[in-house]
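Next comes my_file_21.txt, with compact mmCIF, C-alpha atoms and all ligand atoms.
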# COMPACT_ATOMS: atom_id res chain seq x y z
CA SER V 1 -0.13 -25.47 -14.09
CA THR V 2 -1.20 -21.83 -13.78
CA GLU V 3 -4.63 -22.61 -15.21
CA GLU V 4 -5.14 -25.27 -12.54
CA LEU V 5 -4.21 -22.74 -9.87
CA HIS V 6 -6.77 -20.27 -11.20
CA GLU V 7 -9.35 -23.02 -11.26
CA ARG V 8 -8.59 -23.86 -7.61
CA ILE V 9 -8.87 -20.19 -6.63
CA ARG V 10 -12.20 -19.79 -8.42
CA ALA V 11 -13.57 -23.00 -6.89
CA ALA V 12 -12.53 -22.01 -3.35
CA LYS V 13 -13.98 -18.51 -3.80
CA GLN V 14 -17.24 -19.96 -4.99
CA THR V 15 -17.47 -22.31 -2.00
CA LEU V 16 -16.62 -19.48 0.40
CA GLY V 17 -19.07 -16.98 -1.11
CA ASP V 18 -19.59 -14.01 1.24
CA ARG V 19 -17.30 -15.53 3.87
CA VAL V 20 -14.27 -14.01 2.16
CA VAL V 21 -13.33 -10.72 0.51
CA ILE V 22 -10.15 -10.42 -1.55
CA LEU V 23 -8.54 -6.96 -1.60
CA GLY V 24 -5.78 -6.21 -4.11
CA HIS V 25 -3.36 -3.32 -4.51
CA PHE V 26 -2.85 -1.83 -8.01
CA TYR V 27 0.75 -3.14 -8.00
CA GLN V 28 -0.32 -6.77 -7.82
CA ARG V 29 0.37 -8.98 -10.80
CA ASP V 30 -2.49 -9.70 -13.23
CA GLU V 31 -2.83 -13.32 -12.06
CA ILE V 32 -3.87 -11.94 -8.66
CA VAL V 33 -5.81 -8.88 -9.81
CA GLN V 34 -8.24 -11.06 -11.77
CA HIS V 35 -9.40 -12.66 -8.50
CA ALA V 36 -9.69 -9.47 -6.42
CA ASP V 37 -13.15 -8.32 -5.32
CA PHE V 38 -11.79 -4.83 -4.83
CA LEU V 39 -8.74 -3.19 -6.35
CA GLY V 40 -7.34 0.10 -5.09
CA ASP V 41 -4.53 2.29 -3.83
CA SER V 42 -3.48 2.05 -0.22
CA PHE V 43 -6.01 4.67 0.95
CA GLN V 44 -8.93 3.02 -0.84
CA LEU V 45 -7.93 -0.39 0.49
CA ALA V 46 -7.80 0.93 4.08
CA ASN V 47 -11.30 2.32 3.60
CA ALA V 48 -12.45 -0.95 2.05
CA ALA V 49 -11.12 -2.97 4.99
CA GLN V 50 -13.09 -0.78 7.38
CA THR V 51 -16.31 -1.15 5.44
CA VAL V 52 -16.23 -4.84 4.39
CA PRO V 53 -19.63 -5.98 5.64
CA ASN V 54 -19.93 -9.54 6.85
CA ALA V 55 -16.93 -11.45 5.53
CA GLU V 56 -15.22 -13.51 8.19
CA ALA V 57 -11.89 -13.17 6.38
CA ILE V 58 -10.18 -10.46 4.35
CA VAL V 59 -7.46 -11.86 2.11
CA PHE V 60 -5.12 -8.97 1.50
CA CYS V 61 -3.12 -9.16 -1.72
CA GLY V 62 -0.58 -6.42 -1.04
CA VAL V 63 2.24 -5.98 1.45
CA HIS V 64 2.55 -6.46 5.20
CA PHE V 65 1.88 -2.88 6.37
CA MET V 66 -1.35 -2.82 4.35
CA ALA V 67 -2.55 -6.06 5.93
CA GLU V 68 -1.72 -4.67 9.38
CA THR V 69 -3.76 -1.56 8.61
CA ALA V 70 -6.65 -3.70 7.42
CA ASP V 71 -6.52 -5.69 10.67
CA ILE V 72 -6.55 -2.49 12.74
CA LEU V 73 -9.57 -1.11 10.86
CA ALA V 74 -11.58 -4.30 10.29
CA LYS V 75 -14.02 -5.72 12.81
CA PRO V 76 -12.30 -7.68 15.60
CA GLU V 77 -13.86 -10.97 14.52
CA GLN V 78 -12.64 -10.60 10.92
CA ALA V 79 -9.34 -12.35 10.18
CA VAL V 80 -6.93 -10.55 7.86
CA ILE V 81 -4.75 -12.89 5.82
CA LEU V 82 -1.54 -12.05 3.92
CA PRO V 83 -1.08 -14.90 1.42
CA ASN V 84 2.73 -14.74 1.65
CA LEU V 85 4.22 -13.50 4.93
CA ALA V 86 7.44 -12.55 3.13
CA ALA V 87 5.64 -9.73 1.29
CA GLY V 88 7.09 -6.80 3.22
CA CYS V 89 8.15 -3.33 2.11
CA SER V 90 11.76 -2.20 2.20
CA MET V 91 10.69 1.41 2.74
CA ALA V 92 8.55 0.52 5.76
CA ASP V 93 11.58 -1.28 7.22
CA MET V 94 13.64 1.93 7.01
CA ALA V 95 11.96 3.43 10.08
CA ASP V 96 11.83 1.32 13.23
CA ILE V 97 10.16 2.33 16.46
CA ASP V 98 13.41 2.55 18.46
CA SER V 99 15.00 5.04 16.04
CA VAL V 100 11.82 7.10 15.87
CA GLU V 101 11.62 7.20 19.70
CA GLU V 102 15.26 8.29 19.81
CA CYS V 103 14.64 11.03 17.26
CA TRP V 104 11.56 12.16 19.18
CA ALA V 105 13.51 12.42 22.44
CA GLN V 106 16.08 14.63 20.68
CA LEU V 107 13.38 16.84 19.18
CA GLU V 108 11.68 17.20 22.56
CA ALA V 109 15.00 18.21 24.08
CA LEU V 110 15.47 20.82 21.35
CA TYR V 111 11.95 22.24 21.06
CA GLY V 112 10.43 21.44 24.45
CA THR V 113 6.86 20.17 24.71
CA GLU V 114 4.83 23.32 25.42
CA PRO V 115 2.28 24.59 22.89
CA ASP V 116 2.74 28.17 21.58
CA ALA V 117 0.28 31.05 22.09
CA ASP V 118 -1.89 29.68 19.25
CA GLY V 119 -2.07 26.29 20.94
CA ARG V 120 0.22 24.63 18.40
CA VAL V 121 2.56 21.98 19.76
CA PRO V 122 6.25 22.02 18.75
CA VAL V 123 6.11 18.90 16.51
CA ILE V 124 3.40 16.71 14.99
CA PRO V 125 4.54 13.26 13.82
CA VAL V 126 3.16 12.14 10.46
CA THR V 127 3.75 8.63 9.21
CA TYR V 128 3.27 7.49 5.65
CA MET V 129 0.93 4.51 5.45
CA ASN V 130 4.01 2.53 4.36
CA SER V 131 5.18 1.93 7.92
CA SER V 132 4.74 -0.63 10.67
CA ALA V 133 1.72 -0.59 12.98
CA ALA V 134 4.11 0.39 15.80
CA LEU V 135 4.88 3.68 14.05
CA LYS V 136 1.22 4.38 13.43
CA GLY V 137 0.72 3.72 17.14
CA PHE V 138 3.51 6.19 17.93
CA CYS V 139 1.68 8.85 15.89
CA GLY V 140 -1.60 8.06 17.62
CA ARG V 141 0.04 8.51 21.05
CA HIS V 142 1.79 11.77 20.15
CA GLY V 143 -1.02 13.75 18.53
CA GLY V 144 -0.01 12.64 15.02
CA ILE V 145 -1.62 11.15 11.98
CA VAL V 146 -1.14 8.77 9.02
CA CYS V 147 -1.09 9.83 5.36
CA THR V 148 -1.06 8.06 2.03
CA SER V 149 0.23 9.33 -1.29
CA SER V 150 -3.31 10.39 -2.23
CA ASN V 151 -3.94 12.63 0.79
CA ALA V 152 -0.48 13.78 1.92
CA GLU V 153 -1.27 17.45 1.32
CA THR V 154 -4.56 17.36 3.23
CA VAL V 155 -2.82 15.57 6.09
CA LEU V 156 0.09 18.06 6.21
CA GLU V 157 -2.44 20.90 6.35
CA TRP V 158 -4.14 19.12 9.25
CA ALA V 159 -0.76 18.82 10.97
CA PHE V 160 0.28 22.46 10.41
CA GLU V 161 -2.97 23.60 12.00
CA ARG V 162 -1.96 21.78 15.16
CA GLY V 163 1.81 22.00 15.20
CA ARG V 164 4.62 24.38 14.35
CA ARG V 165 6.47 21.65 12.50
CA VAL V 166 6.11 18.10 11.27
CA LEU V 167 8.30 15.03 11.67
CA PHE V 168 7.59 13.03 8.51
CA PHE V 169 8.61 9.35 8.12
CA PRO V 170 9.66 7.05 6.50
CA ASP V 171 9.58 8.39 2.89
CA GLN V 172 11.77 11.47 2.41
CA HIS V 173 10.54 11.90 -1.16
CA LEU V 174 6.81 11.99 -0.45
CA GLY V 175 7.52 14.35 2.45
CA ARG V 176 9.73 16.66 0.41
CA ASN V 177 7.57 16.66 -2.73
CA THR V 178 4.39 17.37 -0.79
CA ALA V 179 5.86 20.09 1.44
CA LYS V 180 7.50 21.73 -1.57
CA LYS V 181 4.17 21.79 -3.41
CA MET V 182 2.69 23.51 -0.35
CA GLY V 183 5.35 26.23 -0.51
CA VAL V 184 7.76 25.07 2.20
CA PRO V 185 11.29 26.08 1.14
CA LEU V 186 13.84 23.29 0.86
CA GLU V 187 16.10 24.82 3.51
CA ARG V 188 13.27 24.41 6.00
CA MET V 189 13.09 20.63 5.40
CA PRO V 190 16.22 19.23 7.03
CA MET V 191 16.72 15.48 7.20
CA TRP V 192 17.09 14.00 10.64
CA ASN V 193 20.45 12.28 10.84
CA PRO V 194 20.82 9.70 13.62
CA ARG V 195 24.61 9.86 13.37
CA LYS V 196 24.87 13.64 13.66
CA PRO V 197 23.93 14.79 17.15
CA LEU V 198 21.76 17.88 17.33
CA GLY V 199 23.20 21.26 18.18
CA GLY V 200 25.64 23.50 16.32
CA SER V 201 24.79 24.08 12.68
CA SER V 202 22.40 21.14 12.42
CA GLY V 203 20.62 22.49 15.51
CA ASP V 204 20.09 25.86 13.83
CA GLU V 205 18.80 24.12 10.77
CA LEU V 206 16.35 22.24 12.92
CA LEU V 207 15.21 25.34 14.83
CA ASP V 208 14.00 26.80 11.56
CA ALA V 209 12.49 23.55 10.30
CA ARG V 210 8.90 23.22 9.07
CA VAL V 211 9.24 19.57 8.06
CA ILE V 212 11.88 17.21 9.45
CA LEU V 213 12.37 14.41 6.95
CA TRP V 214 13.34 10.79 7.56
CA HIS V 215 15.91 9.06 5.36
CA GLY V 216 13.60 6.36 3.89
CA PHE V 217 12.84 5.83 0.22
CA CYS V 218 11.15 3.36 -2.11
CA SER V 219 13.63 1.24 -4.01
CA VAL V 220 11.23 0.97 -6.96
CA HIS V 221 10.49 4.69 -7.37
CA LYS V 222 14.00 5.95 -6.70
CA ARG V 223 15.05 4.32 -9.98
CA PHE V 224 13.21 6.86 -12.10
CA SER V 225 15.36 9.69 -13.43
CA VAL V 226 15.17 13.06 -15.16
CA GLU V 227 17.16 11.54 -18.07
CA GLN V 228 14.36 9.02 -18.65
CA ILE V 229 11.85 11.88 -18.80
CA GLU V 230 14.05 13.83 -21.23
CA GLN V 231 14.37 10.77 -23.42
CA ALA V 232 10.61 10.16 -23.38
CA ARG V 233 10.00 13.80 -24.38
CA ALA V 234 12.58 13.57 -27.18
CA GLU V 235 11.16 10.35 -28.57
CA HIS V 236 7.47 11.14 -28.08
CA PRO V 237 6.71 14.82 -28.62
CA GLY V 238 3.57 15.77 -26.69
CA VAL V 239 3.97 12.91 -24.19
CA ARG V 240 2.23 13.35 -20.82
CA VAL V 241 4.60 12.34 -18.02
CA ILE V 242 2.94 11.27 -14.77
CA VAL V 243 4.96 9.96 -11.82
CA HIS V 244 4.27 8.75 -8.30
CA PRO V 245 5.27 11.17 -5.50
CA GLU V 246 7.62 8.52 -4.05
CA CYS V 247 9.97 9.52 -6.91
CA PRO V 248 12.88 11.86 -6.10
CA MET V 249 12.10 15.59 -6.25
CA PRO V 250 13.93 16.35 -9.54
CA VAL V 251 11.85 13.63 -11.23
CA VAL V 252 8.58 15.00 -9.84
CA ASP V 253 9.63 18.51 -10.90
CA ALA V 254 10.46 17.35 -14.44
CA ALA V 255 7.17 15.44 -14.83
CA ASP V 256 3.90 17.04 -15.93
CA GLU V 257 2.00 15.64 -12.97
CA ALA V 258 2.56 13.55 -9.87
CA GLY V 259 0.02 11.54 -7.96
CA SER V 260 -0.88 8.31 -6.21
CA THR V 261 -1.60 5.12 -8.12
CA ASP V 262 -5.30 5.98 -8.11
CA TYR V 263 -4.55 9.48 -9.39
CA ILE V 264 -2.53 7.99 -12.27
CA ARG V 265 -5.32 5.55 -13.14
CA LYS V 266 -7.95 8.26 -13.13
CA ALA V 267 -5.79 10.61 -15.22
CA VAL V 268 -5.40 7.94 -17.91
CA ALA V 269 -9.08 6.96 -17.77
CA ALA V 270 -10.18 10.59 -18.10
CA ALA V 271 -8.15 11.37 -21.25
CA THR V 272 -10.65 11.74 -24.08
CA GLU V 273 -8.15 12.09 -26.97
CA PRO V 274 -5.63 9.35 -27.82
CA THR V 275 -2.62 10.32 -25.71
CA THR V 276 0.91 9.09 -25.11
CA PHE V 277 1.60 8.58 -21.41
CA ALA V 278 5.01 7.93 -19.85
CA ILE V 279 4.38 6.67 -16.34
CA GLY V 280 6.78 6.55 -13.40
CA THR V 281 5.42 3.84 -11.17
CA GLU V 282 5.39 0.07 -10.69
CA ILE V 283 5.49 -1.92 -13.92
CA ASN V 284 2.57 -4.30 -13.28
CA MET V 285 0.24 -1.38 -12.94
CA VAL V 286 1.63 0.42 -16.00
CA ASN V 287 1.32 -2.69 -18.18
CA ARG V 288 -2.25 -3.22 -17.00
CA LEU V 289 -3.15 0.38 -17.87
CA ALA V 290 -1.63 -0.13 -21.33
CA ALA V 291 -3.78 -3.23 -21.88
CA GLU V 292 -6.91 -1.63 -20.47
CA PHE V 293 -6.69 1.58 -22.51
CA PRO V 294 -5.51 0.52 -25.99
CA GLN V 295 -6.61 3.87 -27.47
CA HIS V 296 -3.61 5.44 -25.67
CA THR V 297 0.10 4.73 -25.91
CA ILE V 298 1.22 3.96 -22.36
CA PHE V 299 4.70 2.97 -21.27
CA CYS V 300 6.83 2.86 -18.14
CA LEU V 301 9.59 5.49 -17.86
CA ASP V 302 12.07 2.83 -16.81
CA PRO V 303 12.92 0.70 -19.85
CA VAL V 304 14.62 -1.97 -17.71
CA VAL V 305 11.29 -2.59 -15.92
CA CYS V 306 10.82 -2.10 -12.23
CA PRO V 307 8.51 -4.45 -10.41
CA CYS V 308 8.04 -4.15 -6.67
CA SER V 309 9.68 -7.43 -5.75
CA THR V 310 7.74 -7.82 -2.51
CA MET V 311 4.33 -7.10 -4.06
CA TYR V 312 5.30 -9.77 -6.57
CA ARG V 313 5.66 -12.33 -3.79
CA ILE V 314 1.89 -12.72 -3.71
CA HIS V 315 1.72 -15.60 -6.15
CA PRO V 316 -1.52 -17.37 -7.17
CA GLY V 317 -0.18 -20.52 -5.47
CA TYR V 318 -0.30 -18.74 -2.09
CA LEU V 319 -3.73 -17.32 -2.82
CA ALA V 320 -5.08 -20.80 -3.62
CA TRP V 321 -3.46 -22.18 -0.46
CA VAL V 322 -4.98 -19.62 1.96
CA LEU V 323 -8.42 -19.80 0.31
CA GLU V 324 -8.46 -23.60 0.50
CA GLY V 325 -7.41 -23.23 4.12
CA LEU V 326 -10.52 -21.13 4.75
CA VAL V 327 -12.68 -23.73 3.02
CA ALA V 328 -11.26 -26.27 5.51
CA ARG V 329 -11.98 -23.73 8.33
CA GLU V 330 -8.28 -23.12 8.83
CA VAL V 331 -6.99 -19.53 9.01
CA LEU V 332 -3.46 -19.45 7.53
CA ASN V 333 -1.05 -16.49 7.58
CA ARG V 334 -3.23 -14.33 9.79
CA ILE V 335 -1.91 -10.83 10.47
CA GLU V 336 -2.89 -9.78 13.97
CA VAL V 337 -1.73 -6.49 15.43
CA PRO V 338 -1.68 -6.71 19.26
CA GLU V 339 -4.54 -4.59 20.64
CA THR V 340 -2.14 -2.46 22.72
CA VAL V 341 -0.51 -1.26 19.47
CA ALA V 342 -3.70 -1.32 17.39
CA GLU V 343 -5.55 0.97 19.78
CA ASP V 344 -3.10 3.87 19.27
CA ALA V 345 -2.60 3.14 15.57
CA ARG V 346 -6.37 3.27 15.04
CA VAL V 347 -6.42 6.79 16.50
CA ALA V 348 -3.86 7.97 13.92
CA LEU V 349 -5.62 6.15 11.06
CA GLU V 350 -9.03 7.51 12.00
CA ARG V 351 -7.64 11.04 12.11
CA MET V 352 -6.54 10.44 8.53
CA LEU V 353 -9.88 8.96 7.44
CA ASP V 354 -11.66 11.96 9.01
CA ALA V 355 -9.31 14.65 7.60
CA LYS V 356 -11.17 16.17 4.66
CA PRO V 357 -9.54 18.20 1.89
P1 LIG V 401 -0.39 4.28 -3.20
O1 LIG V 401 -1.19 3.04 -3.16
O2 LIG V 401 -0.80 5.22 -2.10
O3 LIG V 401 -0.37 4.95 -4.52
O4 LIG V 401 1.11 3.90 -2.81
C1 LIG V 401 1.96 3.22 -3.63
C2 LIG V 401 2.84 2.32 -2.90
O5 LIG V 401 4.03 2.37 -2.95
C3 LIG V 401 2.26 1.34 -2.09
O6 LIG V 401 3.26 0.65 -1.54
FE1 LIG V 402 7.24 -0.55 -0.60
FE2 LIG V 402 8.01 0.72 -2.82
FE3 LIG V 402 7.00 -1.72 -2.98
FE4 LIG V 402 5.41 0.34 -2.33
S1 LIG V 402 6.44 0.01 -4.28
S2 LIG V 402 5.46 -1.68 -1.35
S3 LIG V 402 6.85 1.58 -1.13
S4 LIG V 402 8.93 -1.13 -1.96
Starting from the file, lay out its structure as structure tokens.
Ligand code: 13P
Ligand code: SF4
Amino acid sequence: STEELHERIRAAKQTLGDRVVILGHFYQRDEIVQHADFLGDSFQLANAAQTVPNAEAIVFCGVHFMAETADILAKPEQAVILPNLAAGCSMADMADIDSVEECWAQLEALYGTEPDADGRVPVIPVTYMNSSAALKGFCGRHGGIVCTSSNAETVLEWAFERGRRVLFFPDQHLGRNTAKKMGVPLERMPMWNPRKPLGGSSGDELLDARVILWHGFCSVHKRFSVEQIEQARAEHPGVRVIVHPECPMPVVDAADEAGSTDYIRKAVAAATEPTTFAIGTEINMVNRLAAEFPQHTIFCLDPVVCPCSTMYRIHPGYLAWVLEGLVAREVLNRIEVPETVAEDARVALERMLDAKP
């Protein structure tokens, strides 16, 4: 039964003591969140992985790219464990290293590689945290950087100081929403199209580009719509609409605010008057906020519910299994990024951790 599973998790955690730290993303289901030592958004969890003191294992309750990042940033002797190896991210899978290399070769052919008079290179690659370690490594090797949804603007500023334009992957929406907020006009944000060779009209478009977008998206956040926001406003006058910047641009524009999962949490926690919130992000997090802040009315913009199906794959049964493995001195489901990749990826991640607003 579920209660037995929780009992097993608690018992294993107690036996392990400081040997293990459990990190959990805000999108995890409640049955997992209750066992996490630290809960956060993807930026906070990357920081946490780097600063976990003496634990010999970090059990990462989140998705694959987050566990890879934790492995890159944690101490070499610390094992990072992903309780279910099938917990991937469909957005991260939308950019693979071969396509990015191909795109890069085309951009180099178009723009050259020489810095301008101000020392700015033609293109800086920026990868969203939601990407494989190989892509973070690519950014590290090519003067680029990683961003998360909580620091995308700071990171784009960092990139524009060093480059005339940015290649942003995999999430077109985060790239577009952030660049738009910074005043980049839409016509200067073309989308790289692998099937349309450069040159001709698309070449002109690219010559003028400030941000070249990739075609990726999050299947959870792309479900939110302007109609849902209009309906929420009609049914709940005075409602505060907050959405995640992985939502399409018209949705972000129609909302009152957009921000990372941590931003959304803090906005709700900071409201002093009873408020109605319509939230555009993953349902497990929205339901938890509703339970945690009963003085407010909090609901998800999508009435049909939208869980992240891969986050949901971290089930308490897997958590119990990997923890009991550690008790028996067996490391199960270890995520290990080869050092050749990790070395470059760490460069890009540390640029992000050092970039201050
Ligand atoms: P944040 O944790 O940066 O808010 O990102 C949300 C997300 O989609 C993680 O996969
Ligand atoms: Fe990936 Fe979207 Fe799930 Fe985040 S919410 S892990 S971006 S599929």
Axis-aligned box for all listed atoms of ligand LIG 401 (chain V), 8 Å per side, centre and edges in Å to one decimal, as lines of an AutoDock Vina configuration file:
center_x = 1.4
center_y = 2.9
center_z = -3.0
size_x = 21.2
size_y = 20.6
size_z = 19.0
Q.
as an NGL selection string, please: the residues near range 255-269 of chain V (cut-off 6 Å, all atoms listed in the file, same-chain neighbours under 6 positions excluded).
A. :V and (41 or 149-150 or 241-245)
Q) Pick the closest to Pro125 in chain V from V:Pro303, V:Gly144, V:Gly175, V:Pro194: which is it, counting all atoms listed in the file? A) V:Gly144
Q: Could the residues that lie within 8 Å of ligand LIG 402 (chain V), counting all atoms listed in the file, be listed as an MDAnalysis selection string?
A: chainID V and resid 27 62:63 88:92 130 217:221 246 281:282 307:311
**Q.** Residues near Asn47 in chain V, cut-off 12 Å, all atoms listed in the file, skip fewer than 2 positions along chain, as a list in words
**A.** Leu23, Phe38, Leu39, Gly40, Asp41, Ser42, Phe43, Gln44, Leu45, Ala49, Gln50, Thr51, Val52, Pro53, Met66, Thr69, Ala70, Asp71, Ile72, Leu73, Ala74, Thr148, Leu349, Glu350, Met352, Leu353 and Asp354 of chain V
Q. What does the distance between CA of Pro83 in chain V and CA of Tyr312 in chain V come to in Å, to one decimal place?
A. 11.4 Å
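Across the model, the gap from CA of Met189 in chain V to CA of Arg346 in chain V is 27.8 Å.
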